[in-house]
$ cat structure-v9.cif   # mmCIF, C-alpha atoms
data_query
#
loop_
_atom_site.group_PDB
_atom_site.id
_atom_site.type_symbol
_atom_site.label_atom_id
_atom_site.label_comp_id
_atom_site.auth_asym_id
_atom_site.auth_seq_id
_atom_site.Cartn_x
_atom_site.Cartn_y
_atom_site.Cartn_z
ATOM 1 C CA MET A 227 76.479 79.808 131.952
ATOM 2 C CA SER A 228 73.882 81.656 133.985
ATOM 3 C CA ASP A 229 73.826 83.598 137.186
ATOM 4 C CA SER A 230 71.015 84.092 139.609
ATOM 5 C CA ALA A 231 72.083 86.028 142.648
ATOM 6 C CA ALA A 232 71.236 89.291 144.352
ATOM 7 C CA SER A 233 73.229 92.227 143.010
ATOM 8 C CA ASP A 234 74.495 95.170 145.050
ATOM 9 C CA HIS A 235 72.442 97.379 142.766
ATOM 10 C CA GLY A 236 69.027 96.143 143.852
ATOM 11 C CA HIS A 237 68.068 93.616 141.196
ATOM 12 C CA THR A 238 68.296 89.874 140.719
ATOM 13 C CA MET A 239 71.210 88.898 138.504
ATOM 14 C CA ARG A 240 69.627 86.688 135.922
ATOM 15 C CA ALA A 241 71.630 87.553 132.795
ATOM 16 C CA ARG A 242 72.731 84.621 130.677
ATOM 17 C CA ILE A 243 76.449 85.153 130.062
ATOM 18 C CA PHE A 244 78.324 83.715 127.081
ATOM 19 C CA VAL A 245 82.069 84.365 126.873
ATOM 20 C CA ARG A 246 84.427 83.028 124.212
ATOM 21 C CA VAL A 247 88.055 83.599 123.265
ATOM 22 C CA GLN A 248 88.728 82.181 119.828
ATOM 23 C CA LYS A 249 90.800 82.318 116.656
ATOM 24 C CA GLU A 250 87.803 81.998 114.344
ATOM 25 C CA ASN A 251 85.565 84.804 113.161
ATOM 26 C CA PHE A 252 82.066 85.217 114.629
ATOM 27 C CA ASP A 253 78.606 86.040 113.331
ATOM 28 C CA ALA A 254 77.289 89.044 115.270
ATOM 29 C CA VAL A 255 73.680 88.547 114.113
ATOM 30 C CA ALA A 256 73.639 84.876 115.122
ATOM 31 C CA GLU A 257 75.210 85.692 118.512
ATOM 32 C CA ALA A 258 72.582 88.371 119.229
ATOM 33 C CA ALA A 259 69.818 85.952 118.212
ATOM 34 C CA LYS A 260 71.011 83.538 120.936
ATOM 35 C CA LEU A 261 69.919 86.077 123.537
ATOM 36 C CA THR A 262 66.525 86.915 122.041
ATOM 37 C CA GLN A 263 65.325 83.596 120.629
ATOM 38 C CA GLY A 264 62.016 82.563 122.170
ATOM 39 C CA ARG A 265 61.916 85.639 124.409
ATOM 40 C CA GLY A 266 59.177 88.260 124.460
ATOM 41 C CA ASP A 267 60.487 90.344 127.358
ATOM 42 C CA ILE A 268 63.634 91.807 125.771
ATOM 43 C CA GLY A 269 63.068 95.283 124.375
ATOM 44 C CA ALA A 270 66.654 96.280 123.601
ATOM 45 C CA VAL A 271 69.716 94.601 122.124
ATOM 46 C CA VAL A 272 72.958 96.531 121.651
ATOM 47 C CA THR A 273 75.598 94.911 119.435
ATOM 48 C CA PHE A 274 79.105 96.350 119.293
ATOM 49 C CA THR A 275 81.720 94.976 116.891
ATOM 50 C CA GLY A 276 85.339 96.174 116.958
ATOM 51 C CA LEU A 277 87.119 95.870 113.603
ATOM 52 C CA CYS A 278 90.739 95.928 112.440
ATOM 53 C CA ARG A 279 91.628 99.236 110.725
ATOM 54 C CA ASP A 280 94.136 99.434 107.864
ATOM 55 C CA GLU A 281 95.671 102.687 109.246
ATOM 56 C CA MET A 282 95.548 104.548 105.911
ATOM 57 C CA GLY A 283 96.580 101.462 104.016
ATOM 58 C CA THR A 284 99.831 100.900 105.952
ATOM 59 C CA LEU A 285 98.713 97.992 108.130
ATOM 60 C CA THR A 286 98.654 94.467 106.729
ATOM 61 C CA ALA A 287 97.485 92.669 109.872
ATOM 62 C CA LEU A 288 97.027 92.829 113.609
ATOM 63 C CA GLU A 289 98.463 90.016 115.676
ATOM 64 C CA ILE A 290 96.561 89.554 118.906
ATOM 65 C CA GLU A 291 98.320 87.769 121.739
ATOM 66 C CA HIS A 292 96.383 86.637 124.797
ATOM 67 C CA TYR A 293 96.867 84.925 128.144
ATOM 68 C CA PRO A 294 94.929 81.657 127.752
ATOM 69 C CA GLY A 295 92.841 80.909 130.804
ATOM 70 C CA MET A 296 93.079 84.381 132.276
ATOM 71 C CA ALA A 297 91.560 86.053 129.197
ATOM 72 C CA GLU A 298 88.258 84.166 129.478
ATOM 73 C CA GLY A 299 88.293 84.546 133.251
ATOM 74 C CA GLU A 300 88.716 88.320 133.115
ATOM 75 C CA ILE A 301 86.021 88.802 130.467
ATOM 76 C CA THR A 302 83.639 86.657 132.542
ATOM 77 C CA ARG A 303 84.442 88.682 135.657
ATOM 78 C CA VAL A 304 83.717 91.949 133.816
ATOM 79 C CA ALA A 305 80.491 90.519 132.334
ATOM 80 C CA ARG A 306 79.291 89.502 135.823
ATOM 81 C CA GLU A 307 80.099 93.001 137.061
ATOM 82 C CA ALA A 308 77.974 94.462 134.234
ATOM 83 C CA ALA A 309 75.128 92.074 135.100
ATOM 84 C CA SER A 310 75.375 93.227 138.696
ATOM 85 C CA ARG A 311 75.243 96.933 137.778
ATOM 86 C CA TRP A 312 72.331 96.778 135.334
ATOM 87 C CA PRO A 313 69.264 94.510 135.064
ATOM 88 C CA LEU A 314 70.363 92.656 131.928
ATOM 89 C CA GLU A 315 68.815 89.569 130.365
ATOM 90 C CA GLY A 316 71.906 88.455 128.516
ATOM 91 C CA ILE A 317 75.511 89.189 127.547
ATOM 92 C CA VAL A 318 77.676 87.790 124.772
ATOM 93 C CA ALA A 319 81.373 88.751 124.741
ATOM 94 C CA ILE A 320 83.741 87.268 122.170
ATOM 95 C CA HIS A 321 87.380 88.251 121.647
ATOM 96 C CA ARG A 322 89.501 86.871 118.841
ATOM 97 C CA HIS A 323 93.240 86.175 118.917
ATOM 98 C CA GLY A 324 95.820 85.395 116.262
ATOM 99 C CA LEU A 325 96.324 87.180 112.943
ATOM 100 C CA ILE A 326 93.489 89.518 111.932
ATOM 101 C CA ARG A 327 93.363 91.398 108.617
ATOM 102 C CA PRO A 328 91.972 94.919 108.049
ATOM 103 C CA GLY A 329 88.195 94.844 107.819
ATOM 104 C CA GLU A 330 87.917 91.685 109.927
ATOM 105 C CA SER A 331 86.214 91.623 113.312
ATOM 106 C CA ILE A 332 88.245 91.550 116.549
ATOM 107 C CA VAL A 333 85.731 91.796 119.366
ATOM 108 C CA LEU A 334 81.977 91.449 119.892
ATOM 109 C CA VAL A 335 79.846 92.621 122.778
ATOM 110 C CA VAL A 336 76.090 92.038 122.820
ATOM 111 C CA THR A 337 73.859 93.169 125.678
ATOM 112 C CA ALA A 338 70.141 92.512 126.014
ATOM 113 C CA SER A 339 67.710 94.110 128.427
ATOM 114 C CA ALA A 340 64.108 95.237 128.741
ATOM 115 C CA HIS A 341 64.988 98.874 127.963
ATOM 116 C CA ARG A 342 67.660 100.592 125.894
ATOM 117 C CA PHE A 343 69.412 102.590 128.630
ATOM 118 C CA GLU A 344 70.769 99.503 130.410
ATOM 119 C CA ALA A 345 71.812 97.778 127.168
ATOM 120 C CA PHE A 346 73.723 100.832 125.895
ATOM 121 C CA ALA A 347 75.401 101.523 129.242
ATOM 122 C CA ALA A 348 76.412 97.899 129.828
ATOM 123 C CA ALA A 349 77.868 97.516 126.318
ATOM 124 C CA SER A 350 79.950 100.665 126.777
ATOM 125 C CA PHE A 351 81.080 99.524 130.249
ATOM 126 C CA LEU A 352 82.060 96.091 128.917
ATOM 127 C CA MET A 353 84.164 97.547 126.097
ATOM 128 C CA ASP A 354 85.914 100.032 128.401
ATOM 129 C CA TYR A 355 86.847 97.214 130.799
ATOM 130 C CA LEU A 356 87.796 94.706 128.112
ATOM 131 C CA LYS A 357 90.283 97.185 126.665
ATOM 132 C CA THR A 358 92.081 97.811 129.942
ATOM 133 C CA GLU A 359 91.662 94.618 131.993
ATOM 134 C CA ALA A 360 91.366 91.631 129.681
ATOM 135 C CA PRO A 361 94.856 90.226 128.938
ATOM 136 C CA PHE A 362 95.186 90.855 125.191
ATOM 137 C CA TRP A 363 97.983 92.676 123.368
ATOM 138 C CA LYS A 364 97.925 93.933 119.794
ATOM 139 C CA LYS A 365 100.937 93.979 117.507
ATOM 140 C CA GLN A 366 100.662 95.917 114.260
ATOM 141 C CA HIS A 367 102.222 94.401 111.171
ATOM 142 C CA PHE A 368 103.009 96.983 108.488
ATOM 143 C CA SER A 369 103.596 96.612 104.772
ATOM 144 C CA GLY A 370 107.371 96.404 104.449
ATOM 145 C CA GLY A 371 107.617 93.801 107.169
ATOM 146 C CA THR A 372 108.024 95.951 110.287
ATOM 147 C CA GLY A 373 105.994 95.399 113.429
ATOM 148 C CA ALA A 374 105.113 97.420 116.530
ATOM 149 C CA TRP A 375 103.234 96.693 119.736
ATOM 150 C CA VAL A 376 100.265 98.998 120.234
ATOM 151 C CA GLU A 377 100.740 101.257 123.255
ATOM 152 C CA ALA A 378 97.986 101.555 125.835
ATOM 153 C CA LYS A 379 96.124 104.855 125.518
ATOM 154 C CA ALA A 380 95.535 107.233 128.398
ATOM 155 C CA GLN A 381 92.020 107.876 127.074
ATOM 156 C CA ASP A 382 91.146 104.171 127.511
ATOM 157 C CA GLN A 383 92.284 104.336 131.130
ATOM 158 C CA ALA A 384 90.235 107.514 131.617
ATOM 159 C CA ALA A 385 87.186 105.769 130.123
ATOM 160 C CA VAL A 386 87.398 103.083 132.819
ATOM 161 C CA GLN A 387 87.876 105.648 135.581
ATOM 162 C CA LYS A 388 84.517 107.275 134.819
ATOM 163 C CA TRP A 389 82.684 104.052 135.800
ATOM 164 C CA ARG A 390 84.437 104.080 139.185
ATOM 165 C CA ALA A 391 83.326 107.598 140.036
ATOM 166 C CA MET B 92 122.783 67.339 164.037
ATOM 167 C CA THR B 93 119.617 68.614 162.455
ATOM 168 C CA ALA B 94 119.631 69.076 158.738
ATOM 169 C CA ARG B 95 118.860 72.631 157.702
ATOM 170 C CA LEU B 96 115.800 72.606 155.524
ATOM 171 C CA GLU B 97 115.964 75.183 152.763
ATOM 172 C CA LYS B 98 112.513 76.107 151.570
ATOM 173 C CA ILE B 99 112.594 75.978 147.801
ATOM 174 C CA THR B 100 109.729 77.685 146.080
ATOM 175 C CA THR B 101 109.307 77.053 142.421
ATOM 176 C CA MET B 102 106.717 78.779 140.346
ATOM 177 C CA LYS B 103 105.871 79.192 136.713
ATOM 178 C CA ALA B 104 106.640 82.613 135.241
ATOM 179 C CA LEU B 105 104.839 83.656 132.065
ATOM 180 C CA TYR B 106 105.798 86.573 129.837
ATOM 181 C CA PHE B 107 103.642 88.319 127.257
ATOM 182 C CA SER B 108 103.959 90.865 124.445
ATOM 183 C CA TRP B 109 107.261 92.804 124.434
ATOM 184 C CA VAL B 110 108.200 91.423 127.857
ATOM 185 C CA ARG B 111 108.225 87.973 126.223
ATOM 186 C CA GLU B 112 110.173 89.279 123.224
ATOM 187 C CA ARG B 113 112.823 91.014 125.334
ATOM 188 C CA ILE B 114 113.368 88.034 127.646
ATOM 189 C CA GLY B 115 113.220 85.623 124.731
ATOM 190 C CA LYS B 116 110.998 83.115 126.534
ATOM 191 C CA THR B 117 107.280 82.424 126.759
ATOM 192 C CA GLU B 118 107.523 80.784 130.188
ATOM 193 C CA GLU B 119 109.944 79.199 132.618
ATOM 194 C CA GLU B 120 110.166 77.671 136.086
ATOM 195 C CA ILE B 121 111.727 80.082 138.573
ATOM 196 C CA SER B 122 112.972 79.540 142.151
ATOM 197 C CA PRO B 123 113.297 82.930 143.837
ATOM 198 C CA PRO B 124 115.117 83.054 147.197
ATOM 199 C CA GLU B 125 113.051 83.256 150.364
ATOM 200 C CA ASN B 126 113.667 86.970 150.876
ATOM 201 C CA VAL B 127 111.808 87.722 147.632
ATOM 202 C CA GLN B 128 108.264 88.172 148.931
ATOM 203 C CA THR B 129 106.483 90.743 146.800
ATOM 204 C CA VAL B 130 105.859 91.146 143.087
ATOM 205 C CA ALA B 131 108.173 94.209 143.080
ATOM 206 C CA GLU B 132 110.953 92.191 144.756
ATOM 207 C CA LEU B 133 110.499 89.400 142.245
ATOM 208 C CA MET B 134 110.810 91.871 139.356
ATOM 209 C CA GLY B 135 114.021 93.175 140.919
ATOM 210 C CA TRP B 136 115.383 89.655 141.316
ATOM 211 C CA LEU B 137 114.473 88.733 137.726
ATOM 212 C CA SER B 138 116.160 91.924 136.439
ATOM 213 C CA GLY B 139 119.434 90.573 137.788
ATOM 214 C CA LYS B 140 119.208 87.369 135.760
ATOM 215 C CA GLY B 141 120.706 88.941 132.637
ATOM 216 C CA GLU B 142 120.670 91.806 130.190
ATOM 217 C CA ASN B 143 117.546 90.525 128.489
ATOM 218 C CA TYR B 144 115.684 90.484 131.834
ATOM 219 C CA ALA B 145 117.039 93.925 132.742
ATOM 220 C CA ALA B 146 115.712 95.250 129.414
ATOM 221 C CA ALA B 147 112.311 93.648 129.966
ATOM 222 C CA PHE B 148 111.952 95.136 133.452
ATOM 223 C CA ALA B 149 113.522 98.524 132.624
ATOM 224 C CA HIS B 150 110.232 100.424 132.933
ATOM 225 C CA ILE B 151 109.019 98.768 136.065
ATOM 226 C CA LYS B 152 106.256 101.295 136.802
ATOM 227 C CA THR B 153 104.294 100.408 133.695
ATOM 228 C CA MET B 154 104.727 96.648 134.168
ATOM 229 C CA ARG B 155 101.586 94.676 135.016
ATOM 230 C CA ALA B 156 101.505 91.408 136.894
ATOM 231 C CA ALA B 157 99.016 88.628 137.571
ATOM 232 C CA LEU B 158 99.275 86.015 140.326
ATOM 233 C CA ASP B 159 97.436 82.800 139.506
ATOM 234 C CA ARG B 160 95.588 84.657 136.726
ATOM 235 C CA THR B 161 94.379 87.560 138.847
ATOM 236 C CA HIS B 162 95.631 91.145 138.374
ATOM 237 C CA VAL B 163 97.785 92.288 141.307
ATOM 238 C CA LYS B 164 99.682 95.404 142.340
ATOM 239 C CA HIS B 165 103.440 95.492 142.786
ATOM 240 C CA ASP B 166 103.221 95.315 146.586
ATOM 241 C CA ALA B 167 101.226 92.047 146.481
ATOM 242 C CA LEU B 168 102.773 89.108 148.332
ATOM 243 C CA ILE B 169 103.721 86.164 146.162
ATOM 244 C CA ARG B 170 103.108 83.623 148.946
ATOM 245 C CA ASN B 171 102.237 80.236 147.458
ATOM 246 C CA ALA B 172 101.261 81.372 143.988
ATOM 247 C CA ARG B 173 101.890 78.718 141.357
ATOM 248 C CA GLU B 174 101.879 81.063 138.399
ATOM 249 C CA ILE B 175 103.024 84.639 137.919
ATOM 250 C CA ALA B 176 102.673 86.554 134.671
ATOM 251 C CA PHE B 177 104.360 89.789 133.583
ATOM 252 C CA PHE B 178 103.065 91.957 130.753
ATOM 253 C CA PRO B 179 102.703 95.564 129.566
ATOM 254 C CA PRO B 180 99.370 97.415 129.883
ATOM 255 C CA MET B 181 96.720 95.587 127.889
ATOM 256 C CA THR B 182 95.628 96.708 124.441
ATOM 257 C CA GLY B 183 92.770 94.396 123.509
ATOM 258 C CA GLY B 184 89.232 95.264 122.487
#
$ encode --input "structure-v9.cif" --output "structure tokens"
Amino acid sequence: MSDSAASDHGHTMRARIFVRVQKENFDAVAEAAKLTQGRGDIGAVVTFTGLCRDEMGTLTALEIEHYPGMAEGEITRVAREAASRWPLEGIVAIHRHGLIRPGESIVLVVTASAHRFEAFAAASFLMDYLKTEAPFWKKQHFSGGTGAWVEAKAQDQAAVQKWRA
Amino acid sequence: MTARLEKITTMKALYFSWVRERIGKTEEEISPPENVQTVAELMGWLSGKGENYAAAFAHIKTMRAALDRTHVKHDALIRNAREIAFFPPMTGG
């Protein structure tokens, strides 16, 4: 999917945007290569991968529930917003759902631009918005068979607020 | 004599995370009465459907809602939405 429209921030939105919501794992290196292959104008690629922690050995798995249809839509909306704020060449955003074990990947954000500032800022922006606006919910499964829904953190909400200032 | 036409609105309600667990359903068709016009009013009406619903909507301030897959505030009008979803604050990423 690609966009080419004028942004409110004074540049042409030309970023190629790839969004996926899937059960399967992903290959961060291969996803980043999709944005740079055959290109000589991209000077910066930022790749962020969010992983499942074992919480000091107590967690056996994370179960990630999502709202099919809305999840992809919200991530795409946030990616377009990032492309409108910064002159990016490409964005990849992948979020997994289902059962994820400690050490496995949960989420991937890749941003590509001519210079590093935009790529870093956009990747950070995307993660802050994905955490608070994309319809995903994590349930922790502990050794011993108990489970608990992760509570939303005030610091994540504060992280989003700073982009609105 | 003119027949009185009752407007019957049916919509799909979806529940996620602990809202789903407390209600005990993933989704259902609901037909709220005509005087239920906002998301807040719909939450109030659903709360009256049983103890499980009352438990799900106990902390109404933290509840999030989406109308036709778009985030909305509690004062949003339901109008002709086909799908409404209720869920706690999101914890993805």
$ atom_distance --input "structure-v9.cif" --atom1 "atom CA of Glu291 of chain A" --atom2 "atom CA of Ala347 of chain A"
27.8 Å
$ residues_near_point --input "structure-v9.cif" --point "(96.4, 90.1, 137.5)" --cutoff "10 Å" --atoms "all atoms listed in the file" --output "list in words"
Met296, Glu300, Glu359, Ala360 and Pro361 of chain A; Arg155, Ala156, Ala157, Leu158, Asp159, Arg160, Thr161, His162, Val163, Lys164, Ile175, Ala176, Phe177 and Phe178 of chain B
$ atom_distance --input "structure-v9.cif" --atom1 "atom CA of Ile268 of chain A" --atom2 "atom CA of Met239 of chain A"
15.1 Å
$ atom_distance --input "structure-v9.cif" --atom1 "atom CA of Thr284 of chain A" --atom2 "atom CA of Ala374 of chain A"
12.3 Å
$ resolve_selection --input "structure-v9.cif" --expression "the PyMOL selection byres ((chain A) within 12 of (chain B))" --output "PyMOL selection string"
chain A and resi 247+274-278+288-301+303+319-324+331-335+350+352-366+373-380+382-383
$ residues_around --input "structure-v9.cif" --residues "Leu261 of chain A" --least-positions-apart "3" --cutoff "10 Å" --atoms "only C-alpha atoms" --output "ChimeraX atom specification"
/A:241-244,256-258,264-265,268,271,315-318,336-339
$ closest_residue --input "structure-v9.cif" --among "B:Arg170, B:Arg113, B:Lys103, B:His150" --to "Val130 of chain B" --atoms "only C-alpha atoms"
B:Arg170
$ resolve_selection --input "structure-v9.cif" --expression "the PyMOL selection byres ((chain A and resi 280) around 12)" --output "list in words"
Leu277, Cys278, Arg279, Glu281, Met282, Gly283, Thr284, Leu285, Thr286, Ala287, Leu288, Ile326, Arg327, Pro328, Gly329, Glu330, Gln366, His367, Phe368 and Ser369 of chain A
$ resolve_selection --input "structure-v9.cif" --expression "the PyMOL selection byres ((chain A and resi 390) around 12)" --output "JSON, numbers by chain"
{"A": [311, 351, 354, 355, 383, 384, 385, 386, 387, 388, 389, 391]}
$ closest_residue --input "structure-v9.cif" --among "A:Val245, A:Val304, A:Ala309, A:Val255" --to "Ala231 of chain A" --atoms "all atoms listed in the file"
A:Ala309
